[in-house]
file start.txt (compact mmCIF, C-alpha atoms)
# COMPACT_ATOMS: atom_id res chain seq x y z
CA MET R 150 61.44 122.21 95.83
CA MET R 151 62.06 122.56 99.56
CA ALA R 152 63.37 119.36 101.10
CA ARG R 153 61.40 117.63 103.83
CA LEU R 154 62.44 114.72 106.05
CA ARG R 155 59.78 112.78 107.93
CA PRO R 156 61.21 110.27 110.45
CA ALA R 157 58.73 107.47 111.12
CA GLU R 158 59.10 107.46 114.91
CA ALA R 159 60.77 109.48 117.64
CA ALA R 160 63.52 106.86 117.82
CA ASP R 161 64.28 107.36 114.12
CA ARG R 162 64.52 111.10 114.67
CA ASP R 163 66.91 110.51 117.58
CA ASP R 164 69.03 108.15 115.45
CA ALA R 165 69.28 110.74 112.68
CA ALA R 166 70.19 113.43 115.21
CA ALA R 167 72.90 111.25 116.78
CA PHE R 168 74.44 110.55 113.37
CA THR R 169 74.27 114.17 112.26
CA GLY R 170 75.59 115.43 115.58
CA ARG R 171 78.75 113.36 115.21
CA VAL R 172 79.28 114.68 111.69
CA ALA R 173 78.65 118.28 112.81
CA ARG R 174 81.22 117.93 115.60
CA TRP R 175 83.85 117.37 112.94
CA ASP R 176 82.50 120.18 110.77
CA PRO R 177 79.14 122.03 111.08
CA MET R 178 79.45 122.76 107.36
CA GLY R 179 80.03 119.08 106.64
CA LEU R 180 77.65 117.53 104.15
CA VAL R 181 75.00 114.91 104.83
CA ARG R 182 73.42 113.22 101.84
CA LEU R 183 69.89 111.87 102.34
CA ARG R 184 68.53 109.19 100.00
CA ALA R 185 65.10 107.56 100.15
CA ASP R 186 65.14 103.76 99.98
CA ALA R 187 61.63 102.25 100.06
CA GLU R 188 60.36 102.99 103.60
CA ARG R 189 63.77 104.07 104.86
CA VAL R 190 66.03 107.07 104.48
CA ARG R 191 69.76 106.48 104.37
CA LEU R 192 72.13 109.19 105.60
CA TRP R 193 75.64 109.47 104.16
CA ALA R 194 78.51 111.70 105.23
CA GLY R 195 82.21 112.11 104.67
CA THR R 196 84.76 112.09 107.49
CA PRO R 197 88.21 113.62 108.09
CA PHE R 198 89.62 110.14 107.42
CA ASP R 199 88.62 109.88 103.74
CA ALA R 200 85.98 107.27 104.52
CA LEU R 201 82.21 107.47 104.21
CA VAL R 202 79.84 106.76 107.09
CA THR R 203 76.19 105.80 106.76
CA ARG R 204 73.11 104.99 108.79
CA ALA R 205 69.50 104.26 107.83
CA ILE R 206 66.31 105.29 109.59
CA HIS R 207 62.67 104.51 108.89
CA GLY R 208 60.92 107.44 107.29
CA ALA R 209 60.20 109.39 104.11
CA LEU R 210 62.08 112.05 102.17
CA THR R 211 61.11 114.66 99.59
CA PRO R 212 62.85 114.89 97.18
CA THR R 213 64.24 111.37 97.26
CA ASP R 214 67.90 112.44 97.07
CA VAL R 215 69.21 115.66 98.62
CA THR R 216 72.43 116.89 100.22
CA VAL R 217 72.33 119.36 103.11
CA TYR R 218 74.69 120.85 105.69
CA ALA R 219 75.08 118.90 108.92
CA GLY R 220 74.57 121.95 111.13
CA ASN R 221 71.26 122.84 109.45
CA LEU R 222 69.98 119.28 109.56
CA LEU R 223 70.92 118.93 113.23
CA SER R 224 69.07 122.15 114.06
CA GLY R 225 65.98 120.92 112.24
CA LEU R 226 66.06 117.60 114.07
CA ALA R 227 66.78 119.02 117.51
CA VAL R 228 64.84 122.27 117.62
CA SER R 229 61.48 121.68 115.96
CA ALA R 230 58.85 119.46 117.53
CA GLU R 231 57.06 119.05 114.20
CA ARG R 232 57.00 115.57 112.73
CA GLU R 233 58.21 116.93 109.39
CA VAL R 234 61.76 118.26 109.53
CA ASP R 235 63.23 121.04 107.42
CA PRO R 236 66.82 119.85 106.78
CA GLY R 237 67.92 123.22 105.42
CA PRO R 238 68.81 124.42 101.92
CA SER R 239 70.10 121.99 99.36
CA ALA R 240 73.86 121.69 98.84
CA ASP R 241 73.70 119.05 96.10
CA ALA R 242 76.41 120.68 93.99
CA ALA R 243 78.91 120.45 96.87
CA TRP R 244 78.73 116.64 97.19
CA ARG R 245 81.77 115.10 95.49
CA SER R 246 82.01 111.55 96.87
CA GLN R 247 81.01 108.51 94.87
CA LEU R 248 78.60 106.25 96.73
CA PRO R 249 79.16 102.49 96.82
CA PRO R 250 76.77 100.06 95.10
CA ALA R 251 73.73 98.78 96.96
CA ALA R 252 74.25 95.19 95.81
CA GLY R 253 77.14 92.82 95.18
CA TRP R 254 78.54 92.75 98.72
CA VAL R 255 80.17 89.58 100.06
CA LEU R 256 80.44 88.94 103.80
CA VAL R 257 84.11 88.31 104.49
CA ASP R 258 84.11 87.73 108.25
CA GLU R 259 83.05 89.05 111.63
CA VAL R 260 85.46 90.69 114.08
CA PRO R 261 84.96 91.40 117.81
CA ALA R 262 84.17 95.08 118.29
CA ALA R 263 86.60 95.13 121.22
CA VAL R 264 89.46 94.23 118.86
CA VAL R 265 88.53 97.08 116.53
CA ALA R 266 88.27 99.50 119.48
CA ASP R 267 91.68 98.48 120.82
CA LEU R 268 93.33 98.94 117.42
CA ALA R 269 91.72 102.37 117.04
CA GLU R 270 92.93 103.39 120.51
CA GLU R 271 96.45 102.19 119.75
CA GLY R 272 96.36 104.22 116.54
CA ALA R 273 95.11 107.30 118.40
CA ALA R 274 97.94 106.92 120.92
CA GLY R 275 100.41 106.74 118.04
CA ALA R 276 98.95 109.93 116.55
CA ARG R 277 99.37 111.73 119.88
CA GLU R 278 102.97 110.58 120.22
CA ARG R 279 103.94 111.27 116.60
CA PRO R 280 101.57 113.92 115.21
CA GLY R 281 101.61 114.82 111.54
CA PRO R 282 102.50 118.26 110.11
CA ALA R 283 98.99 119.61 110.84
CA GLY R 284 99.02 118.30 114.40
CA GLY R 285 96.71 115.33 113.80
CA ALA R 286 97.33 111.83 112.53
CA SER R 287 99.77 111.68 109.65
CA THR R 288 98.80 110.29 106.27
CA ALA R 289 101.24 107.43 106.77
CA LEU R 290 99.60 106.51 110.07
CA LEU R 291 96.08 106.72 108.64
CA ASP R 292 97.07 104.44 105.78
CA THR R 293 98.53 101.82 108.13
CA GLU R 294 96.90 98.43 107.59
CA VAL R 295 96.20 97.23 111.12
CA LEU R 296 93.97 94.24 110.41
CA THR R 297 93.45 91.87 107.48
CA VAL R 298 90.17 89.98 107.34
CA ALA R 299 89.91 86.87 105.16
CA GLY R 300 87.00 84.72 104.06
CA SER R 301 84.73 83.90 101.11
CA GLY R 302 87.79 83.84 98.87
CA MET R 303 88.70 87.44 99.69
CA GLN R 304 91.35 89.22 101.75
CA VAL R 305 90.43 92.69 102.96
CA PRO R 306 93.05 94.82 104.74
CA LEU R 307 91.57 97.50 107.01
CA THR R 308 93.41 100.75 107.62
CA LEU R 309 93.19 103.13 110.55
CA ARG R 310 91.12 105.43 108.35
CA MET R 311 88.14 103.09 108.59
CA LEU R 312 88.70 102.25 112.25
CA PHE R 313 89.00 105.92 113.26
CA ALA R 314 85.78 106.70 111.36
CA LEU R 315 83.96 103.81 113.06
CA SER R 316 85.20 104.87 116.50
CA GLY R 317 84.58 108.57 115.93
CA MET R 318 80.95 107.95 114.95
CA GLY R 319 80.36 105.72 117.99
CA PHE R 320 78.98 102.95 115.77
CA ALA R 321 80.32 99.94 117.70
CA PRO R 322 79.54 99.66 121.44
CA ALA R 323 82.38 98.40 123.61
CA HIS R 324 80.57 95.23 124.67
CA PRO R 325 82.36 91.88 125.14
CA ASP R 326 79.95 90.04 122.83
CA GLU R 327 79.62 92.77 120.20
CA MET R 328 80.77 91.90 116.67
CA VAL R 329 81.25 93.96 113.53
CA ARG R 330 80.83 92.55 110.01
CA VAL R 331 83.37 93.14 107.27
CA SER R 332 82.01 92.95 103.73
CA ALA R 333 83.53 93.79 100.37
CA THR R 334 83.06 94.08 96.65
CA ASP R 335 85.90 94.14 94.14
CA ALA R 336 86.20 97.90 94.65
CA TRP R 337 84.86 98.65 98.15
CA ALA R 338 85.27 97.58 101.78
CA ARG R 339 82.61 98.02 104.44
CA ILE R 340 82.44 97.63 108.23
CA ASP R 341 78.91 97.23 109.59
CA ALA R 342 78.33 97.79 113.30
CA ARG R 343 75.23 98.14 115.46
CA TYR R 344 74.69 101.86 114.88
CA GLY R 345 76.02 102.37 111.36
CA ALA R 346 78.61 101.48 108.76
CA VAL R 347 81.90 102.78 107.39
CA VAL R 348 82.65 102.39 103.69
CA ARG R 349 85.80 103.09 101.70
CA ARG R 350 87.19 102.24 98.29
CA ARG R 351 89.71 99.42 98.42
CA HIS R 352 91.74 100.89 95.57
CA ALA R 353 92.29 104.50 94.58
CA LEU R 354 90.60 105.66 91.41
CA LEU R 355 93.02 106.02 88.53
CA PRO R 356 93.27 109.57 87.13
CA LEU R 357 91.89 110.18 83.67
CA LEU R 358 94.59 110.65 81.06
CA MET R 359 93.87 113.50 78.64
call {"tool": "encode", "arguments": {"input": "start.txt", "output": "structure tokens"}}
result
Amino acid sequence: MMARLRPAEAADRDDAAAFTGRVARWDPMGLVRLRADAERVRLWAGTPFDALVTRAIHGALTPTDVTVYAGNLLSGLAVSAEREVDPGPSADAAWRSQLPPAAGWVLVDEVPAAVVADLAEEGAAGARERPGPAGGASTALLDTEVLTVAGSGMQVPLTLRMLFALSGMGFAPAHPDEMVRVSATDAWARIDARYGAVVRRRHALLPLLM
């Protein structure tokens, strides 16, 4: 079955294109997973920082769960004027990331977006001054816990991985009154901002012993 994405309005199409464009800038062959959720379609993608990013638009999707390449999806959203978008051939077998649960999240606290932006910029400056072996941010820098959020009986440390993903996707506007929400489950942490969310496992999965 050929996949079809039908954004409800022009604004939803623009939102999907903005999300996909950011992913494609990192890697045109990067994967975007589309999942129907009632009258919405949620887009998921990986990032170079080992964190997932997501955004939902109003619309419909056939089939209800499909993975495509960011470059193909962006072309379909940007080039065609048809209401129904061809997101490109399926790449379901290439998707490897586990998705977080839809329920069970606890709001831990809210943090000013300006604080998150400043921490991300400080981290980026550190990466420029002390690049890793590949020229980008080192693993040690990415794993640095730069902020710990507490509330609702939970403590959630946030690493630069999540902050770089949030900044790179342009999810949180640099506005004095803008806030981001930090939520968590026992296994996952999530930062919700105006234009999308970043999600990452709080603990690494243990390898299976054979």
call {"tool": "closest_residue", "arguments": {"input": "start.txt", "among": "R:Asp335, R:Asp241, R:Asp235, R:Asp326", "to": "Leu154 of chain R", "atoms": "all atoms listed in the file"}}
result
R:Asp235
call {"tool": "atom_distance", "arguments": {"input": "start.txt", "atom1": "atom CA of Ser239 of chain R", "atom2": "atom CA of Asp161 of chain R"}}
result
21.6 Å
call {"tool": "residues_around", "arguments": {"input": "start.txt", "residues": "Thr288 of chain R", "least_positions_apart": "4", "cutoff": "10 Å", "atoms": "only C-alpha atoms", "output": "ChimeraX atom specification"}}
result
/R:198,281-282,292-293,310
call {"tool": "closest_residue", "arguments": {"input": "start.txt", "among": "R:Tyr218, R:Phe168, R:Phe320, R:Trp244", "to": "Ile206 of chain R", "atoms": "only C-alpha atoms"}}
result
R:Phe168
call {"tool": "closest_residue", "arguments": {"input": "start.txt", "among": "R:Asp258, R:Val234, R:Thr213, R:Met328", "to": "Gly302 of chain R", "atoms": "only C-alpha atoms"}}
result
R:Asp258
call {"tool": "closest_residue", "arguments": {"input": "start.txt", "among": "R:Ala314, R:Ala299, R:Ala274, R:Ala152", "to": "Gly225 of chain R", "atoms": "all atoms listed in the file"}}
result
R:Ala152
call {"tool": "atom_distance", "arguments": {"input": "start.txt", "atom1": "atom CA of Arg277 of chain R", "atom2": "atom CA of Val348 of chain R"}}
result
25.1 Å
call {"tool": "residues_around", "arguments": {"input": "start.txt", "residues": "Ala160 of chain R", "least_positions_apart": "4", "cutoff": "10 Å", "atoms": "only C-alpha atoms", "output": "PyMOL selection string"}}
result
chain R and resi 156+164-166+206-207
call {"tool": "atom_distance", "arguments": {"input": "start.txt", "atom1": "atom CA of Ala336 of chain R", "atom2": "atom CA of Asp267 of chain R"}}
result
26.7 Å
call {"tool": "closest_residue", "arguments": {"input": "start.txt", "among": "R:Ala194, R:Thr308, R:Ala167, R:Arg204", "to": "Arg343 of chain R", "atoms": "only C-alpha atoms"}}
result
R:Arg204
call {"tool": "closest_residue", "arguments": {"input": "start.txt", "among": "R:Leu312, R:Ala286, R:Glu270, R:Ala200", "to": "Arg351 of chain R", "atoms": "all atoms listed in the file"}}
result
R:Ala200
call {"tool": "residues_near_point", "arguments": {"input": "start.txt", "point": "(73.1, 107.1, 102.7)", "cutoff": "7 Å", "atoms": "only C-alpha atoms", "output": "list of chain:residue names"}}
result
R:Arg182, R:Leu183, R:Arg184, R:Arg191, R:Leu192, R:Trp193, R:Thr203, R:Arg204, R:Ala205
call {"tool": "write_last_selection", "arguments": {"input": "start.txt", "atoms": "C-alpha atoms", "output": "PDB file, in the coordinates of the input"}}
result
ATOM      1  CA  ARG R 182      73.420 113.220 101.840  1.00  0.00           C
ATOM      2  CA  LEU R 183      69.890 111.870 102.340  1.00  0.00           C
ATOM      3  CA  ARG R 184      68.530 109.190 100.000  1.00  0.00           C
ATOM      4  CA  ARG R 191      69.760 106.480 104.370  1.00  0.00           C
ATOM      5  CA  LEU R 192      72.130 109.190 105.600  1.00  0.00           C
ATOM      6  CA  TRP R 193      75.640 109.470 104.160  1.00  0.00           C
ATOM      7  CA  THR R 203      76.190 105.800 106.760  1.00  0.00           C
ATOM      8  CA  ARG R 204      73.110 104.990 108.790  1.00  0.00           C
ATOM      9  CA  ALA R 205      69.500 104.260 107.830  1.00  0.00           C
TER      10      ALA R 205
END
call {"tool": "residues_around", "arguments": {"input": "start.txt", "residues": "Asn221 of chain R", "least_positions_apart": "6", "cutoff": "9 Å", "atoms": "all atoms listed in the file", "output": "list in words"}}
result
Pro177, Met178, Asp235, Pro236, Gly237 and Pro238 of chain R
